[in-house]
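Visitor: So here's coords.txt, just compact mmCIF, C-alpha atoms:
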# COMPACT_ATOMS: atom_id res chain seq x y z
CA MET X 1 13.86 -3.18 44.50
CA ALA X 2 13.77 -0.65 41.67
CA PHE X 3 16.09 -2.85 39.62
CA LEU X 4 13.86 -5.90 40.16
CA GLY X 5 10.80 -3.90 39.12
CA ASP X 6 12.59 -2.74 35.96
CA CYS X 7 13.58 -6.32 35.20
CA CYS X 8 9.96 -7.43 35.58
CA ILE X 9 8.79 -4.72 33.15
CA VAL X 10 11.34 -5.74 30.52
CA PHE X 11 10.68 -9.46 31.05
CA VAL X 12 6.89 -9.08 30.67
CA SER X 13 7.32 -7.00 27.52
CA GLN X 14 9.69 -9.60 26.09
CA MET X 15 7.12 -12.32 26.77
CA LEU X 16 4.55 -10.27 24.86
CA PHE X 17 6.97 -9.79 21.97
CA PHE X 18 7.74 -13.52 22.03
CA ALA X 19 4.01 -14.29 21.85
CA GLY X 20 3.70 -11.87 18.92
CA GLY X 21 6.51 -13.63 17.07
CA TRP X 22 4.93 -17.00 17.88
CA LEU X 23 1.55 -15.91 16.46
CA PHE X 24 3.17 -14.41 13.35
CA PHE X 25 5.01 -17.68 12.78
CA ASN X 26 1.79 -19.74 13.10
CA LYS X 27 -0.73 -17.44 11.42
CA GLN X 28 1.40 -15.99 8.60
CA LEU X 29 4.57 -17.92 7.77
CA PHE X 30 3.46 -21.49 8.49
CA LYS X 31 -0.29 -21.28 7.92
CA HIS X 32 0.10 -23.53 4.83
CA TYR X 33 2.75 -25.87 6.29
CA GLU X 34 2.97 -28.36 9.11
CA ILE X 35 5.22 -27.35 12.02
CA ARG X 36 7.60 -30.28 12.36
CA HIS X 37 10.38 -28.66 14.41
CA ILE X 38 9.22 -26.67 17.42
CA SER X 39 12.83 -25.52 17.97
CA VAL X 40 12.67 -23.48 14.73
CA GLN X 41 9.58 -21.68 16.02
CA LEU X 42 11.27 -21.02 19.38
CA ILE X 43 14.39 -19.60 17.72
CA PHE X 44 12.40 -17.33 15.39
CA SER X 45 10.16 -16.03 18.20
CA ALA X 46 13.13 -15.45 20.55
CA THR X 47 15.02 -13.52 17.85
CA PHE X 48 11.94 -11.41 17.17
CA ALA X 49 11.47 -10.66 20.88
CA LEU X 50 15.12 -9.66 21.38
CA SER X 51 15.05 -7.50 18.25
CA VAL X 52 11.91 -5.58 19.23
CA THR X 53 13.29 -5.14 22.75
CA MET X 54 16.04 -2.95 21.27
CA PHE X 55 13.39 -0.58 19.92
CA GLU X 56 11.53 -0.69 23.22
CA LEU X 57 14.66 0.41 25.09
CA ILE X 58 15.08 3.35 22.68
CA ILE X 59 11.53 4.50 23.47
CA PHE X 60 12.15 3.98 27.19
CA GLU X 61 15.25 6.15 26.85
CA ILE X 62 13.23 9.01 25.34
CA ILE X 63 10.29 8.96 27.75
CA GLY X 64 12.44 8.15 30.81
CA VAL X 65 11.03 4.75 31.77
CA LEU X 66 13.28 2.58 34.00
CA GLU X 67 16.38 3.67 35.88
CA SER X 68 19.38 4.70 33.81
CA SER X 69 21.49 1.85 35.22
CA SER X 70 18.72 -0.64 34.48
CA ARG X 71 18.40 0.53 30.89
CA TYR X 72 22.17 0.19 30.43
CA PHE X 73 22.10 -3.33 31.88
CA HIS X 74 19.26 -4.46 29.62
CA TRP X 75 20.94 -2.84 26.61
CA ARG X 76 24.07 -4.88 27.23
CA LEU X 77 22.14 -8.06 28.01
CA GLY X 78 19.81 -7.73 25.02
CA LEU X 79 22.60 -7.02 22.55
CA THR X 80 24.68 -9.91 23.92
CA LEU X 81 21.79 -12.36 23.54
CA LEU X 82 20.90 -11.06 20.06
CA LEU X 83 24.50 -11.37 18.90
CA PHE X 84 24.64 -14.88 20.36
CA MET X 85 21.55 -15.80 18.31
CA VAL X 86 22.81 -14.39 14.99
CA THR X 87 26.42 -15.58 15.33
CA ALA X 88 26.03 -18.94 17.05
CA VAL X 89 22.55 -20.44 17.46
CA ILE X 90 20.92 -19.66 14.09
CA PRO X 91 24.03 -20.27 11.88
CA LEU X 92 24.67 -23.59 13.65
CA TYR X 93 21.08 -24.68 13.18
CA ILE X 94 21.08 -23.65 9.51
CA CYS X 95 24.27 -25.61 8.84
CA TYR X 96 22.91 -28.62 10.71
CA SER X 97 19.56 -28.53 8.87
CA VAL X 98 21.17 -28.25 5.44
CA ILE X 99 23.74 -31.01 6.04
CA HIS X 100 21.24 -33.28 7.81
CA SER X 101 18.91 -33.07 4.79
CA ILE X 102 21.65 -34.77 2.73
CA SER X 103 20.78 -38.42 3.29
CA PHE X 104 24.15 -40.09 2.68
CA PHE X 105 25.87 -38.38 5.65
CA SER X 106 25.98 -40.26 8.94
CA ASP X 107 25.19 -38.53 12.24
CA ARG X 108 28.87 -38.34 13.12
CA TRP X 109 29.76 -36.62 9.86
CA VAL X 110 26.78 -34.29 10.20
CA LYS X 111 28.15 -32.98 13.50
CA ILE X 112 31.68 -32.63 12.13
CA LEU X 113 30.58 -30.81 8.98
CA THR X 114 28.19 -28.59 10.95
CA THR X 115 31.00 -27.46 13.24
CA PHE X 116 33.33 -26.91 10.28
CA CYS X 117 30.75 -24.82 8.38
CA TRP X 118 30.08 -22.73 11.48
CA PHE X 119 33.77 -21.93 11.86
CA VAL X 120 33.87 -20.98 8.17
CA PHE X 121 30.94 -18.61 8.84
CA LEU X 122 32.73 -17.05 11.82
CA TYR X 123 35.91 -16.64 9.77
CA GLY X 124 33.99 -14.97 6.95
CA LEU X 125 32.21 -12.71 9.44
CA TRP X 126 35.55 -11.68 10.91
CA ARG X 127 37.09 -11.04 7.49
CA ILE X 128 34.23 -8.64 6.68
CA GLY X 129 35.90 -6.10 8.91
CA GLU X 130 39.18 -5.99 6.93
CA PRO X 131 38.11 -3.78 3.98
CA PHE X 132 36.02 -1.48 6.18
CA PRO X 133 37.06 1.01 8.89
CA LEU X 134 35.72 -1.04 11.79
CA LEU X 135 37.18 -1.66 15.22
CA SER X 136 40.68 -3.03 15.67
CA THR X 137 41.54 -6.12 17.69
CA SER X 138 42.65 -3.87 20.55
CA HIS X 139 39.01 -3.82 21.65
CA GLY X 140 39.03 -7.60 22.00
CA ILE X 141 37.67 -10.28 19.73
CA PHE X 142 34.65 -11.55 21.66
CA THR X 143 33.06 -8.21 22.53
CA ILE X 144 29.75 -6.53 21.75
CA GLU X 145 31.55 -3.85 19.77
CA GLN X 146 33.27 -6.35 17.47
CA GLY X 147 30.07 -8.32 16.93
CA VAL X 148 27.87 -5.30 16.24
CA SER X 149 30.46 -3.71 13.94
CA ARG X 150 30.51 -6.75 11.64
CA ILE X 151 26.87 -7.76 11.88
CA SER X 152 25.84 -4.19 11.10
CA VAL X 153 27.73 -4.20 7.79
CA ILE X 154 25.45 -6.99 6.57
CA GLY X 155 22.37 -5.54 8.24
CA VAL X 156 22.91 -2.03 6.87
CA THR X 157 23.41 -3.51 3.39
CA VAL X 158 20.12 -5.44 3.59
CA MET X 159 18.32 -2.40 4.99
CA ALA X 160 19.66 -0.09 2.28
CA ILE X 161 18.71 -2.53 -0.49
CA LEU X 162 15.16 -2.87 0.84
CA SER X 163 14.86 0.89 1.40
CA GLY X 164 16.10 1.75 -2.09
CA PHE X 165 13.78 -0.77 -3.69
CA GLY X 166 10.79 0.33 -1.60
CA ALA X 167 11.40 4.05 -2.20
CA VAL X 168 11.10 3.48 -5.96
CA ASN X 169 8.67 0.56 -6.14
CA TYR X 170 6.04 2.00 -3.78
CA PRO X 171 5.29 5.12 -5.90
CA TYR X 172 5.39 2.96 -9.04
CA THR X 173 2.72 0.58 -7.69
CA SER X 174 0.60 3.24 -5.92
CA MET X 175 0.39 6.19 -8.32
CA THR X 176 -2.31 6.22 -10.98
CA TYR X 177 0.19 7.85 -13.35
CA PHE X 178 1.91 4.49 -13.87
CA ILE X 179 -1.33 2.55 -14.39
CA LYS X 180 -1.73 1.74 -18.08
CA PRO X 181 -5.26 2.57 -19.35
CA VAL X 182 -7.10 -0.62 -20.23
CA SER X 183 -10.52 -0.86 -21.87
CA ARG X 184 -12.92 -3.75 -21.62
CA SER X 185 -12.82 -4.23 -25.39
CA ASP X 186 -9.05 -4.91 -25.21
CA ILE X 187 -9.61 -7.67 -22.68
CA VAL X 188 -12.50 -9.19 -24.65
CA CYS X 189 -10.37 -9.13 -27.83
CA LEU X 190 -7.50 -10.93 -26.07
CA GLU X 191 -9.91 -13.47 -24.53
CA ARG X 192 -11.25 -14.29 -28.00
CA ARG X 193 -7.73 -14.56 -29.35
CA LEU X 194 -6.81 -16.87 -26.47
CA ALA X 195 -9.84 -19.08 -27.13
CA LEU X 196 -9.05 -19.16 -30.87
CA THR X 197 -5.44 -20.13 -30.15
CA VAL X 198 -6.60 -22.93 -27.83
CA ASP X 199 -8.96 -24.25 -30.52
CA MET X 200 -6.20 -24.18 -33.15
CA LEU X 201 -3.77 -25.91 -30.79
CA THR X 202 -6.33 -28.58 -29.94
CA ALA X 203 -7.05 -29.20 -33.62
CA LYS X 204 -3.34 -29.54 -34.45
CA LYS X 205 -2.76 -31.99 -31.60
CA ARG X 206 -5.82 -33.99 -32.68
CA ARG X 207 -4.41 -34.22 -36.23
CA ILE X 208 -1.06 -35.41 -34.84
CA ALA X 209 -2.79 -38.05 -32.70
CA MET X 210 -4.94 -39.26 -35.59
CA ALA X 211 -1.97 -39.37 -37.98
CA ALA X 212 0.09 -41.35 -35.49
CA TYR X 213 -2.84 -43.71 -34.86
CA ASN X 214 -3.39 -44.37 -38.58
CA TYR X 215 0.30 -44.88 -39.18
CA ASN X 216 0.60 -47.41 -36.32
CA LYS X 217 -2.52 -49.18 -37.52
CA GLN X 218 -1.11 -49.63 -41.02
CA HIS X 219 2.34 -50.76 -39.85
CA HIS X 220 1.46 -52.83 -36.76
CA THR X 221 2.92 -56.05 -38.27
CA LYS X 222 6.42 -54.62 -38.69
CA PRO X 223 9.11 -55.25 -36.10
CA ARG X 224 9.62 -52.55 -33.52
CA ILE X 225 13.13 -51.70 -34.72
CA TRP X 226 11.80 -51.44 -38.27
CA GLU X 227 9.08 -49.01 -37.09
CA MET X 228 11.73 -46.72 -35.65
CA LEU X 229 13.73 -46.77 -38.91
CA ALA X 230 10.64 -46.28 -41.04
CA SER X 231 9.39 -43.38 -38.95
CA ALA X 232 12.72 -41.65 -39.49
CA VAL X 233 12.54 -42.10 -43.30
CA HIS X 234 8.80 -41.81 -44.09
CA ARG X 235 7.77 -38.41 -42.77
CA THR X 236 4.22 -38.40 -44.17
CA THR X 237 1.14 -40.53 -43.76
CA ASN X 238 -1.54 -41.54 -46.24
CA ASN X 239 -3.49 -38.42 -45.29
CA GLY X 240 -0.61 -36.21 -46.35
CA ASP X 241 -0.03 -34.86 -42.87
CA ASP X 242 3.62 -34.17 -42.11
CA ILE X 243 3.89 -35.00 -38.42
CA ASN X 244 7.11 -33.09 -37.89
CA GLN X 245 5.61 -30.02 -39.55
CA LEU X 246 2.55 -30.33 -37.34
CA LYS X 247 4.74 -30.56 -34.24
CA GLN X 248 6.57 -27.37 -35.23
CA GLU X 249 3.23 -25.63 -35.70
CA VAL X 250 2.11 -26.87 -32.28
CA TYR X 251 5.28 -25.50 -30.70
CA GLY X 252 4.65 -22.10 -32.31
CA LEU X 253 1.03 -22.09 -31.15
CA GLU X 254 2.08 -22.99 -27.59
CA GLU X 255 4.48 -20.04 -27.53
CA LEU X 256 1.72 -17.78 -28.87
CA LEU X 257 -0.70 -19.16 -26.28
CA ARG X 258 1.78 -18.43 -23.48
CA SER X 259 2.38 -14.86 -24.62
CA VAL X 260 -1.35 -14.15 -25.10
CA PHE X 261 -2.16 -15.61 -21.69
CA LEU X 262 0.53 -13.51 -19.95
CA GLU X 263 -0.68 -10.39 -21.74
CA LEU X 264 -4.28 -11.14 -20.79
CA ASN X 265 -3.26 -11.68 -17.18
CA SER X 266 -1.35 -8.39 -17.23
CA LEU X 267 -4.34 -6.52 -18.64
CA LYS X 268 -6.69 -7.99 -16.04
CA ASN X 269 -4.29 -7.04 -13.25
CA MET X 270 -4.09 -3.52 -14.67
CA GLU X 271 -7.90 -3.38 -14.88
CA GLU X 272 -8.08 -4.44 -11.24
CA ARG X 273 -5.60 -1.70 -10.34
CA GLN X 274 -7.75 0.81 -12.24
CA ARG X 275 -10.82 -0.15 -10.22
CA TRP X 276 -8.79 -0.07 -6.99
CA SER X 277 -7.42 3.40 -7.81
CA GLN X 278 -10.99 4.75 -7.92
CA THR X 279 -11.71 3.63 -4.35
CA LEU X 280 -11.01 5.75 -1.28
CA GLN X 281 -8.05 3.55 -0.36
CA GLY X 282 -6.64 3.82 -3.88
CA LYS X 283 -6.89 7.61 -3.83
CA TYR X 284 -5.20 7.69 -0.43
CA PHE X 285 -2.33 5.55 -1.65
CA ASN X 286 -2.07 7.68 -4.78
CA VAL X 287 -1.47 10.75 -2.60
CA LEU X 288 1.10 8.78 -0.57
CA GLY X 289 2.73 7.68 -3.81
CA HIS X 290 3.23 11.31 -4.89
CA PHE X 291 4.70 12.09 -1.49
CA PHE X 292 7.11 9.16 -1.61
CA SER X 293 8.10 9.97 -5.18
CA VAL X 294 9.22 13.41 -3.99
CA TYR X 295 10.96 11.76 -1.04
CA CYS X 296 12.70 9.29 -3.37
CA VAL X 297 14.05 12.08 -5.57
CA TYR X 298 15.12 14.06 -2.48
CA LYS X 299 16.78 11.01 -0.91
CA ILE X 300 18.68 10.16 -4.09
CA PHE X 301 19.83 13.76 -4.41
CA MET X 302 20.95 13.91 -0.76
CA CYS X 303 22.74 10.57 -1.07
CA CYS X 304 24.70 11.94 -4.03
CA ILE X 305 25.58 15.08 -2.05
CA ASN X 306 26.63 13.05 1.00
CA ILE X 307 28.78 10.69 -1.08
CA ILE X 308 30.43 13.41 -3.18
CA PHE X 309 31.21 15.75 -0.27
CA ASP X 310 31.69 12.97 2.34
CA ARG X 311 29.02 14.57 4.51
CA VAL X 312 27.14 13.11 7.47
CA GLY X 313 24.35 14.89 9.34
CA ARG X 314 25.34 16.34 12.69
CA LYS X 315 21.89 17.09 14.09
CA ASP X 316 18.78 14.96 14.17
CA PRO X 317 15.79 16.16 12.09
CA VAL X 318 13.67 16.95 15.17
CA THR X 319 16.22 19.32 16.72
CA ARG X 320 16.92 20.94 13.36
CA GLY X 321 13.21 21.46 12.66
CA LEU X 322 12.53 22.95 16.09
CA GLU X 323 15.50 25.28 15.80
CA ILE X 324 14.21 26.50 12.44
CA ALA X 325 10.76 27.06 13.98
CA VAL X 326 12.22 29.11 16.86
CA HIS X 327 15.06 31.06 15.24
CA TRP X 328 13.71 31.56 11.73
CA CYS X 329 9.93 31.47 12.09
CA GLY X 330 9.83 33.20 15.51
CA PHE X 331 7.72 30.59 17.37
CA ASP X 332 7.92 30.78 21.16
CA ILE X 333 7.94 27.10 22.18
CA ASP X 334 9.58 25.00 24.88
CA LEU X 335 12.41 23.26 23.02
CA ALA X 336 13.07 20.61 25.69
CA PHE X 337 9.39 19.65 26.00
CA TRP X 338 8.65 19.43 22.28
CA ASN X 339 11.99 17.84 21.51
CA GLN X 340 11.14 14.91 23.76
CA HIS X 341 7.57 14.45 22.54
CA VAL X 342 8.26 14.90 18.84
CA SER X 343 11.28 12.58 19.12
CA PHE X 344 9.05 10.00 20.79
CA LEU X 345 6.49 10.21 17.95
CA LEU X 346 9.18 10.11 15.25
CA VAL X 347 11.00 7.13 16.73
CA GLY X 348 7.68 5.38 17.35
CA CYS X 349 6.69 5.80 13.70
CA ILE X 350 10.10 4.55 12.57
CA VAL X 351 9.83 1.52 14.86
CA VAL X 352 6.31 0.59 13.70
CA THR X 353 7.05 1.06 10.00
CA SER X 354 10.36 -0.82 10.27
CA ILE X 355 8.81 -3.83 11.99
CA ARG X 356 5.76 -3.87 9.71
CA GLY X 357 7.80 -3.40 6.55
CA LEU X 358 10.26 -6.14 7.42
CA LEU X 359 7.56 -8.63 8.41
CA LEU X 360 5.64 -8.01 5.17
CA THR X 361 8.83 -8.44 3.15
CA LEU X 362 9.74 -11.64 4.98
CA THR X 363 6.24 -13.02 4.42
CA LYS X 364 6.29 -12.31 0.67
CA PHE X 365 9.78 -13.77 0.31
CA PHE X 366 8.85 -16.88 2.31
CA TYR X 367 5.75 -17.59 0.20
CA ARG X 368 7.75 -17.15 -3.01
CA VAL X 369 10.69 -19.48 -2.28
CA SER X 370 9.61 -21.91 0.43
CA SER X 371 8.34 -25.46 0.09
CA SER X 372 7.33 -28.20 2.50
CA LYS X 373 10.93 -29.49 2.62
CA SER X 374 12.83 -26.19 2.76
CA SER X 375 10.40 -24.16 4.91
CA ASN X 376 12.32 -24.64 8.17
CA ILE X 377 15.66 -23.65 6.64
CA ILE X 378 14.08 -20.59 4.96
CA VAL X 379 12.57 -19.49 8.30
CA LEU X 380 15.97 -19.77 9.99
CA ILE X 381 17.57 -17.67 7.24
CA LEU X 382 14.80 -15.08 7.63
CA GLY X 383 15.39 -15.06 11.40
CA GLN X 384 19.09 -14.44 10.76
CA ILE X 385 18.28 -11.55 8.43
CA MET X 386 15.76 -10.16 10.93
CA GLY X 387 18.28 -10.12 13.78
CA MET X 388 20.91 -8.37 11.65
CA TYR X 389 18.33 -5.93 10.28
CA PHE X 390 17.05 -4.79 13.67
CA CYS X 391 20.54 -4.59 15.14
CA SER X 392 21.54 -2.28 12.31
CA SER X 393 18.30 -0.29 12.65
CA VAL X 394 19.25 0.63 16.21
CA LEU X 395 22.65 1.80 15.01
CA LEU X 396 21.21 3.97 12.21
CA MET X 397 18.29 5.23 14.32
CA ARG X 398 20.80 6.84 16.66
CA MET X 399 21.17 9.71 14.14
CA ASN X 400 17.41 10.43 14.33
CA MET X 401 17.56 10.97 18.10
CA PRO X 402 18.54 14.18 19.92
CA ALA X 403 22.04 14.24 21.37
CA GLU X 404 20.91 13.72 24.98
CA TYR X 405 19.11 10.48 24.07
CA ARG X 406 21.89 8.86 22.04
CA VAL X 407 24.40 8.88 24.90
CA ILE X 408 23.45 5.45 26.21
CA ILE X 409 23.51 3.91 22.71
CA THR X 410 26.99 5.33 22.19
CA GLU X 411 28.10 3.91 25.56
CA VAL X 412 26.69 0.46 24.79
CA LEU X 413 27.95 0.19 21.22
CA GLY X 414 31.36 1.57 22.12
CA ASN X 415 33.78 3.34 19.81
CA LEU X 416 32.11 2.44 16.51
CA HIS X 417 32.64 4.49 13.37
CA PHE X 418 29.00 5.57 13.13
CA ASN X 419 29.66 7.88 10.18
CA PHE X 420 30.92 4.95 8.11
CA TYR X 421 27.61 3.09 8.43
CA HIS X 422 25.62 6.15 7.35
CA ARG X 423 27.84 6.63 4.30
CA TRP X 424 27.64 2.92 3.50
CA PHE X 425 23.84 3.12 3.73
CA ASP X 426 23.82 6.07 1.32
CA VAL X 427 25.97 4.22 -1.21
CA ILE X 428 23.92 1.00 -1.16
CA PHE X 429 20.62 2.94 -1.12
CA LEU X 430 21.69 4.90 -4.20
CA VAL X 431 22.75 1.75 -6.07
CA SER X 432 19.53 -0.08 -5.10
CA ALA X 433 17.25 2.82 -6.06
CA LEU X 434 18.93 3.45 -9.42
CA THR X 435 18.95 -0.27 -10.23
CA THR X 436 15.24 -0.52 -9.41
CA ILE X 437 14.49 2.49 -11.63
CA ILE X 438 16.39 0.92 -14.54
CA VAL X 439 14.72 -2.48 -14.10
CA LEU X 440 11.23 -0.98 -13.89
CA TYR X 441 11.91 1.19 -16.93
CA ILE X 442 13.14 -1.78 -18.99
CA SER X 443 10.22 -3.97 -17.90
CA ARG X 444 7.73 -1.22 -18.76
CA LYS X 445 9.30 -0.73 -22.19
CA ALA X 446 9.18 -4.51 -22.76
CA VAL X 447 5.45 -4.56 -21.91
CA CYS X 448 4.80 -1.72 -24.36
CA THR X 449 6.75 -3.62 -27.06
CA ASP X 450 4.74 -6.78 -26.41
CA ASP X 451 1.51 -4.81 -26.69
CA SER X 452 2.49 -3.44 -30.09
CA ASP X 453 3.55 -6.91 -31.28
CA LEU X 454 0.26 -8.45 -30.21
CA ASN X 455 -1.73 -5.66 -31.81
Kindly transcribe the structure held in the file into structure tokens.
Guide:
Amino acid sequence: MAFLGDCCIVFVSQMLFFAGGWLFFNKQLFKHYEIRHISVQLIFSATFALSVTMFELIIFEIIGVLESSSRYFHWRLGLTLLLFMVTAVIPLYICYSVIHSISFFSDRWVKILTTFCWFVFLYGLWRIGEPFPLLSTSHGIFTIEQGVSRISVIGVTVMAILSGFGAVNYPYTSMTYFIKPVSRSDIVCLERRLALTVDMLTAKKRRIAMAAYNYNKQHHTKPRIWEMLASAVHRTTNNGDDINQLKQEVYGLEELLRSVFLELNSLKNMEERQRWSQTLQGKYFNVLGHFFSVYCVYKIFMCCINIIFDRVGRKDPVTRGLEIAVHWCGFDIDLAFWNQHVSFLLVGCIVVTSIRGLLLTLTKFFYRVSSSKSSNIIVLILGQIMGMYFCSSVLLMRMNMPAEYRVIITEVLGNLHFNFYHRWFDVIFLVSALTTIIVLYISRKAVCTDDSDLN
């Protein structure tokens, strides 16, 4: 009876997660598009529900909800279903959707090519494990350990790239230090220059149109082939206007118009950021930006130390912090009690921020690259990334949990080389963060150069 009750709790929570994924799909991703394939929505919502269930089981493990045997069963079942989604269902559907969109393939060839592409995907997924210290074939081919070990390489890479970019980009976009001071007179000056450029461009195009009209009016009796030859030889009209020269001037004015417009748009965005920074929300995010800038520097420094000395943390931050409070600061506290509650709060914050951050990133990416024809394929790709991301998050989150709470994760995931994934995360995070710093620095220098040119 206890097992049935535990199953009901997990099933009801999964239905709630499924409904959350369904609403996110309707209200965020597809609010500007028509839902033409309900199966895509079902796959995305099911992947979201299975992914969040992994985090739910981690929280249940900390606070002691469900029987230990029930938690182990649902860990195995949830991971199996999630791996089935990201290795079979979603890749097959992506291959089918892409090939089916090519009109000259018959239905028979669509099925054959879909199956072939899926086997190519499985072969590539298997070959991922060769250059990395993953599990050997002695553990079996079709096992949870083999699937998680290979999926997590991709997931950890995606997670590290997003984390490195966010650790640098968030302080850059939140801190008032990086906001370029803009005065209203600068914007008014650029608006006048934009209007003047538009007037000049309009006048040049009007002269071209009038010159072409007068030329055609004077030579309307000539044969068409003769008009083409004459236009190539006689460059000027009776008004003395060189049409080719005017076209070159129009091209130059269009380039100037584009650069002035982009600069004006940049200044208005910066002015909007200045006004936002003066609000209570802007000041709050400015403080957070300073905090994350310190965290970014610390994280980059620690990644360098971990890579150089091949070091991986042994203790989770909660246990280490409590031990410092007891042994070094002399606080008399109950380690077991506070370890559980602080671990619960820490893991809860990590879960909420991970889910929120990924969903915001997926939404921005979807709006940037999707269209009415490719929206379903893009959603399937995002669902694939989401499943890999959350599967890898569980693997990396194990290090943030006290030793007594990571036992069941170790039992479920098997004999994985956990230290390898943490080192791999450090390497990719370092590359992503440094690349983002270089790109932002170059783009900022380019903006400063454009400002001086325009002035």
Visitor: Hey, could you pull the box centre and edge lengths for region 260-267 of chain X, axis-aligned, 8 Å padding per side, all listed atoms, to one decimal in Å, as AutoDock Vina command-line options?
Guide:
--center_x -1.9 --center_y -11.1 --center_z -21.1 --size_x 20.9 --size_y 25.1 --size_z 23.9
Visitor: Between CA of Ser97 (chain X) and CA of Ile377 (chain X), what is the distance in Å, rounded to a tenth?
Guide: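 Separating CA of Ser97 (chain X) from CA of Ile377 (chain X) is a distance of 6.6 Å.
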Visitor: Can you tell me which residues surround Phe3 (chain X) at a distance of at most 9 Å, considering all atoms listed in the file, apart from same-chain residues fewer than 6 positions away, and format the answer as a list in words?
Guide: Leu66, Glu67, Ser69 and Ser70 of chain X
Visitor: Take the selection from the previous step and output its residues with C-alpha atoms, as a compact mmCIF listing (two decimals), keeping the file's coordinate frame.
Guide:
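Saved file again-v8.txt follows:
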# COMPACT_ATOMS: atom_id res chain seq x y z
CA LEU X 66 13.28 2.58 34.00
CA GLU X 67 16.38 3.67 35.88
CA SER X 69 21.49 1.85 35.22
CA SER X 70 18.72 -0.64 34.48
Visitor: Hey, can you check how far CA of Met54 (chain X) sits from CA of Cys391 (chain X)?
Guide: 7.8 Å
Visitor: Within 12 Å of Thr410 (chain X), counting all atoms listed in the file, which residues show up once you throw out same-chain ones fewer than 5 positions away? Write them as a PyMOL selection string, please.
Guide: chain X and resi 72+75-76+145+394-399+401+403-405+415-418
Visitor: Between X:Leu23, X:Lys299, X:Ser443, X:Ile128, which is the closest to Gly147 (chain X) once you count all atoms listed in the file?
Guide: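 Nearest candidate to Gly147 (chain X) out of X:Leu23, X:Lys299, X:Ser443, X:Ile128: X:Ile128.
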Visitor: What's the 8 Å shell around Cys95 (chain X), counting only C-alpha atoms, without same-chain residues fewer than 4 positions away, as a ChimeraX atom specification?
Guide: /X:91,99,114,117-118
Visitor: If you measure from CA of Leu79 (chain X) to CA of Ile144 (chain X), what distance in Å do you get, rounded to one decimal?
Guide: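 Atom-to-atom, CA of Leu79 (chain X) to CA of Ile144 (chain X), that is 7.2 Å.
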Visitor: Under the rule that all atoms listed in the file are counted, which of X:Arg368, X:Ile408, X:Ser277, X:Gly166 is the nearest residue to Phe292 (chain X)?
Guide: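 The shortest atom-to-atom distance to Phe292 (chain X) comes from X:Gly166.
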Visitor: Lys31 (chain X): which residues within 12 Å, counting only C-alpha atoms, same-chain residues fewer than 4 positions away excluded, as a list of chain:residue names?
Guide: X:Leu23, X:Phe24, X:Phe25, X:Asn26, X:Lys27, X:Ile35, X:Thr363, X:Phe366, X:Tyr367, X:Ser372, X:Ser375
Visitor: If we count only C-alpha atoms, what is near region 253-265 of chain X at a cut-off of 10 Å, once residues fewer than 4 positions away on the same chain are taken out, given as a PyMOL selection string?
Guide: chain X and resi 186-191+193-198+200-202+204+247-249+269-271+447+450-451+454
Visitor: Output C-alpha atoms for every residue in the selection just made, as a short mmCIF file (atom, residue, chain, number, x, y, z; two decimals), in the coordinates of the input.
Guide:
data_model
loop_
_atom_site.label_atom_id
_atom_site.label_comp_id
_atom_site.auth_asym_id
_atom_site.auth_seq_id
_atom_site.Cartn_x
_atom_site.Cartn_y
_atom_site.Cartn_z
CA ASP X 186 -9.05 -4.91 -25.21
CA ILE X 187 -9.61 -7.67 -22.68
CA VAL X 188 -12.50 -9.19 -24.65
CA CYS X 189 -10.37 -9.13 -27.83
CA LEU X 190 -7.50 -10.93 -26.07
CA GLU X 191 -9.91 -13.47 -24.53
CA ARG X 193 -7.73 -14.56 -29.35
CA LEU X 194 -6.81 -16.87 -26.47
CA ALA X 195 -9.84 -19.08 -27.13
CA LEU X 196 -9.05 -19.16 -30.87
CA THR X 197 -5.44 -20.13 -30.15
CA VAL X 198 -6.60 -22.93 -27.83
CA MET X 200 -6.20 -24.18 -33.15
CA LEU X 201 -3.77 -25.91 -30.79
CA THR X 202 -6.33 -28.58 -29.94
CA LYS X 204 -3.34 -29.54 -34.45
CA LYS X 247 4.74 -30.56 -34.24
CA GLN X 248 6.57 -27.37 -35.23
CA GLU X 249 3.23 -25.63 -35.70
CA ASN X 269 -4.29 -7.04 -13.25
CA MET X 270 -4.09 -3.52 -14.67
CA GLU X 271 -7.90 -3.38 -14.88
CA VAL X 447 5.45 -4.56 -21.91
CA ASP X 450 4.74 -6.78 -26.41
CA ASP X 451 1.51 -4.81 -26.69
CA LEU X 454 0.26 -8.45 -30.21
#
Visitor: Which is closest to Ile112 (chain X) among X:Leu92, X:Asn244, X:Val407, X:Ala160, if we use only C-alpha atoms?
Guide: X:Leu92
Visitor: Rank nothing, just name the residue among X:Ala209, X:Val379, X:Ile161, X:Gly387 nearest to Phe84 (chain X), using only C-alpha atoms.
Guide: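 Looking only at the distances to Phe84 (chain X), the closest residue turns out to be X:Gly387.
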